[in-house]
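S.K.: Okay, handing you the structure first.
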Amino acid sequence: MADDRPIARDARDDELRASAGDGQGLGLRLSFRTRLTIGLVAASLIPLAAFGAILLIVDPPAQAGTLGRLLLFVLVVAAMVAILLAYLLATDLTAPLRAIAAAVARTSAGDLSTPIIVPGDDELARLADSHNRLAADLERRNRELRRILEAIERGSPRESPDFIAGRAAHDAKDAFGMIDAVVLLVDPREVPITERVPGESLPIRAILRIGGEQIGVLVGRLSATRVWERADQDLLELYASEVAVAIRNAELFAQVEAQNSQLLELDAAKDDFLRGVSHNLQTPLTSIRAYADQLGRDRPDRRLGIIGEQTDRLSRMVRQLLTVTRLESGALKPRSEVVALSHPVRRAWEALAAEGVPFKVDDGSAGWLAVADVDQLDQVLWALLDNAVKYGERSPIHVEIAPVPDQGRLRLTISDLGPGVAESDRNRLFRRFERGIERTANDGSGLGLYVSRELCRTMDGDLVLEQPLAGRGATFSIFLPGEPPEDASASG
Amino acid sequence: MLSGRSGGQGAPPRILIVDDDPNLLVLLADQLRADGFDTQTARDGDEALRRLKSGWPDLLIIDMMMPRMDGLTLAREIKGRADLPIIVLSAIDAGDSKADLLEEVAEDYVTKPYHYPELRARINRILRRLGDKVPRQSLVLGPDLTLDLHRREATVGQDVVQLTPTESRLLYALAANLGQTVTTETLLARGWAETEDADASYVWVTMRRLRQKVEADPNRPVHLQTVRGVGYRLVVSAGPEATTEGEAGDG
């Protein structure tokens, strides 16, 4: 029995060498074909080797030279023939196995369309057959899954829930090959479960779930011959939950849309309302102001001047309120033009008609022009100068204009020498409806500084309260984008 | 100096005022008549449209808020019949959401309460501009620049650039004299008619800003050329090679 071992070892060594040559490592795993070959060779050579051994033991050793050589020769020839035959036989026997292995490898790589053909009705043929069925199942489910994914991707939250439900039923019917299908957006308990009757169409059902909530049910029928397995049901339920999410999204989207359009309507209504209020207030003011002007021209009278000024003030306050609402809705679009700041400062001062208050403008703009919306700038300057008069306790008001060339901006400061702004008020001052606590005057809306700062910012500028020098007075600085003067010699 | 449609030389420009407030109507008509305008009044849109049948005014002043037909609708209605210049008088201002709509149909608008000298300045500016004869349509100045002044837009290459009211007024004056030099004084009068504050530096700086908006290379302007010491001119350019010729003309 021990005689087969060298041969077997040789064969193993061959195989080992072969696998080492293939670079597959040095493990002792041998392919099924190799083992079959070895077995067949061993089976054919063991009787021959045994026969030779017995002959050598029985016969005298003198003749052993010739007989031994003969035996060795026969053994070698028999071995070669056996190896060849064994190899061919093993190859033939293992061919279907290798085909199946290759097919499984293909399948796992994603190719499901090539079936394995193994003729006959043996175990291997049955194995191949069940592999083919598995691959076909996989392929069908893949197809279903692909259709489902396509259906899910096609959805948009802008569609109505009913539309999505209708299309989902249609898609499910296509994807799963159903006879009919419908998605009902009702409590699933209200939809009775159809019992399966052998020979008739197969009822199927999947609940549309989101978390623990059931928002509907997908019901349909398959042909009686159709195989419906656990995996198919899982896929259908997965699909149903995707549909549920799509429907919920659509519901939420519709809700947000509705709220949005409601807000827009409200906004438009508010705009209309304010426009109406403004119109109704400004129209009589227009008449008052114009008639006062006309009368004043015919017969100059200080009282008519006061009527005109106060009308202006009232009309400005109406505008300020409108500006606040526009700032909040972000509807304010400044039309910035170039302007030499000293002009609007002087005009705003004249409009205030603050008699008896010393006023001085130091124009150091050196030809720089501000880029600002003249209307908005007028509102800002008027509000700041009005504050300076009101809270400066009739102290002199000083305006300085100077460029900040490295920032490409102009700075305009308005200072009074009144009591100034209390430290505790500095932060609150620019909020809506806030006045300094120390500031007791109760005329004014409390909107002036808030509106002014916001207006400056819409013009890409800013408004800040400066630290008081010498502890007296309030100084506000307006910053606005500026344009350096054009070289006059190169201008038109 | 005023180009009138209602009469020959010397006939005062006729203005139709449409407002539902009778006080304002009488007052404004008085003020305008005192300044030598021929005025007509209408209490609402229907009356205004009836009056148009008997003759076209040179300019209309329309109140924005009126019962039945609002100013915007009336302005559209009128523009559909004839390209008459319109000033809208309203309590809304530039910040209002309707201001943009207004600008599409009206030449200008004045906020209530109006300041009469400013209103008069705007009327005069528009009447002067009537002589400019710039059509309300696209003005193609070259492959890279198209002006839509009635929309206050310029198309520079592929981009649409918004123009400010003053910028478009200056371009109006330049476009009316395409290729010819317009003096700085004229531009100043057109661009800043309602204010005494402006001086030549306003024109220079605004032209510089305009170049930055509409010229491919503001330092080598193709369309907006400086005529040194005199004024500016707007030039149609076939392509970039026209640059050198234009600059040679500057000296």
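How things are named: the first chain in the structure tokens is A, the next is B, and so on; residues count from 1 in each chain; ligands count from 1 in the order shown.
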Considering only C-alpha atoms, tabulate each residue of chain B that lies at most 9 Å from chain A along with its nearest interatomic pair and the corresponding distance in Å to one decimal; arrange the rows by chain and ascending residue number and present them as a tab-separated table.

M.R.:
```
residue	atom	partner	partner_atom	distance
B:Asp21	CA	A:Thr283	CA	7.8
B:Asn23	CA	A:Ser287	CA	6.6
B:Leu24	CA	A:Ser287	CA	5.8
B:Leu27	CA	A:Tyr291	CA	7.5
B:Leu28	CA	A:Ala290	CA	8.6
B:Gln31	CA	A:Gln294	CA	8.6
B:Met64	CA	A:His279	CA	8.9
B:Met65	CA	A:His279	CA	7.2
B:Ser90	CA	A:His279	CA	7.2
B:Ala91	CA	A:His279	CA	4.9
B:Ile92	CA	A:Arg275	CA	6.5
B:Asp93	CA	A:Arg319	CA	8.8
B:Ala94	CA	A:Lys333	CA	7.4
B:Gly95	CA	A:Leu332	CA	4.7
B:Asp96	CA	A:Ala331	CA	7.1
B:Ser97	CA	A:Ala331	CA	6.7
B:Lys112	CA	A:Gln282	CA	6.0
B:Pro113	CA	A:Thr286	CA	4.2
B:Tyr114	CA	A:Thr286	CA	6.7
B:His115	CA	A:Ala290	CA	8.1
B:Tyr116	CA	A:Ala290	CA	7.8
B:Thr164	CA	A:Arg335	CA	6.1
B:Pro165	CA	A:Arg335	CA	7.7
B:Thr166	CA	A:Glu337	CA	7.1
B:Glu167	CA	A:Glu337	CA	8.4
B:Thr183	CA	A:Gly492	CA	7.5
B:Thr184	CA	A:Gly492	CA	6.2
B:Asp197	CA	A:His343	CA	6.2
B:Ala198	CA	A:Val339	CA	7.5
B:Ala200	CA	A:Gly492	CA	8.8
B:Ser201	CA	A:Glu486	CA	7.0
B:Tyr202	CA	A:Val338	CA	6.4
B:Val203	CA	A:Gly492	CA	8.6
B:Trp204	CA	A:Glu486	CA	6.2
B:Val205	CA	A:Glu486	CA	6.1
B:Thr206	CA	A:Val338	CA	6.7
B:Arg208	CA	A:Glu486	CA	8.1
B:Arg209	CA	A:Glu483	CA	9.0
B:Gln225	CA	A:Gly492	CA	8.9
B:Thr226	CA	A:Gly492	CA	5.4
B:Val227	CA	A:Gly492	CA	5.4
B:Arg228	CA	A:Gly492	CA	4.6
B:Gly229	CA	A:Gly492	CA	4.6
B:Val230	CA	A:Gly492	CA	4.9
B:Gly231	CA	A:Gly492	CA	3.8
B:Tyr232	CA	A:Gly492	CA	5.8
```

S.K.: For range 34-43 of chain A, work out the shell of residues within 6 Å, counting only C-alpha atoms and skipping chain neighbours fewer than 3 positions away, then give it as a ChimeraX atom specification.

M.R.: /A:31,46,82-83,86-87,90

S.K.: Can you list, as an MDAnalysis selection string, every protein, DNA or RNA residue that comes within 10 Å of Val88 in chain B when you count only C-alpha atoms, leaving out same-chain residues fewer than 6 positions away?

M.R.: chainID B and resid 17:18 60:65 71:72 75 102:103 105:111

S.K.: Quick one: pick out all helix (DSSP H, G or I) residues within range 33-201 of chain A from a backbone DSSP run and write them as a PyMOL selection string.

M.R.: chain A and resi 33-58+61-108+123-154+161-176+188-190
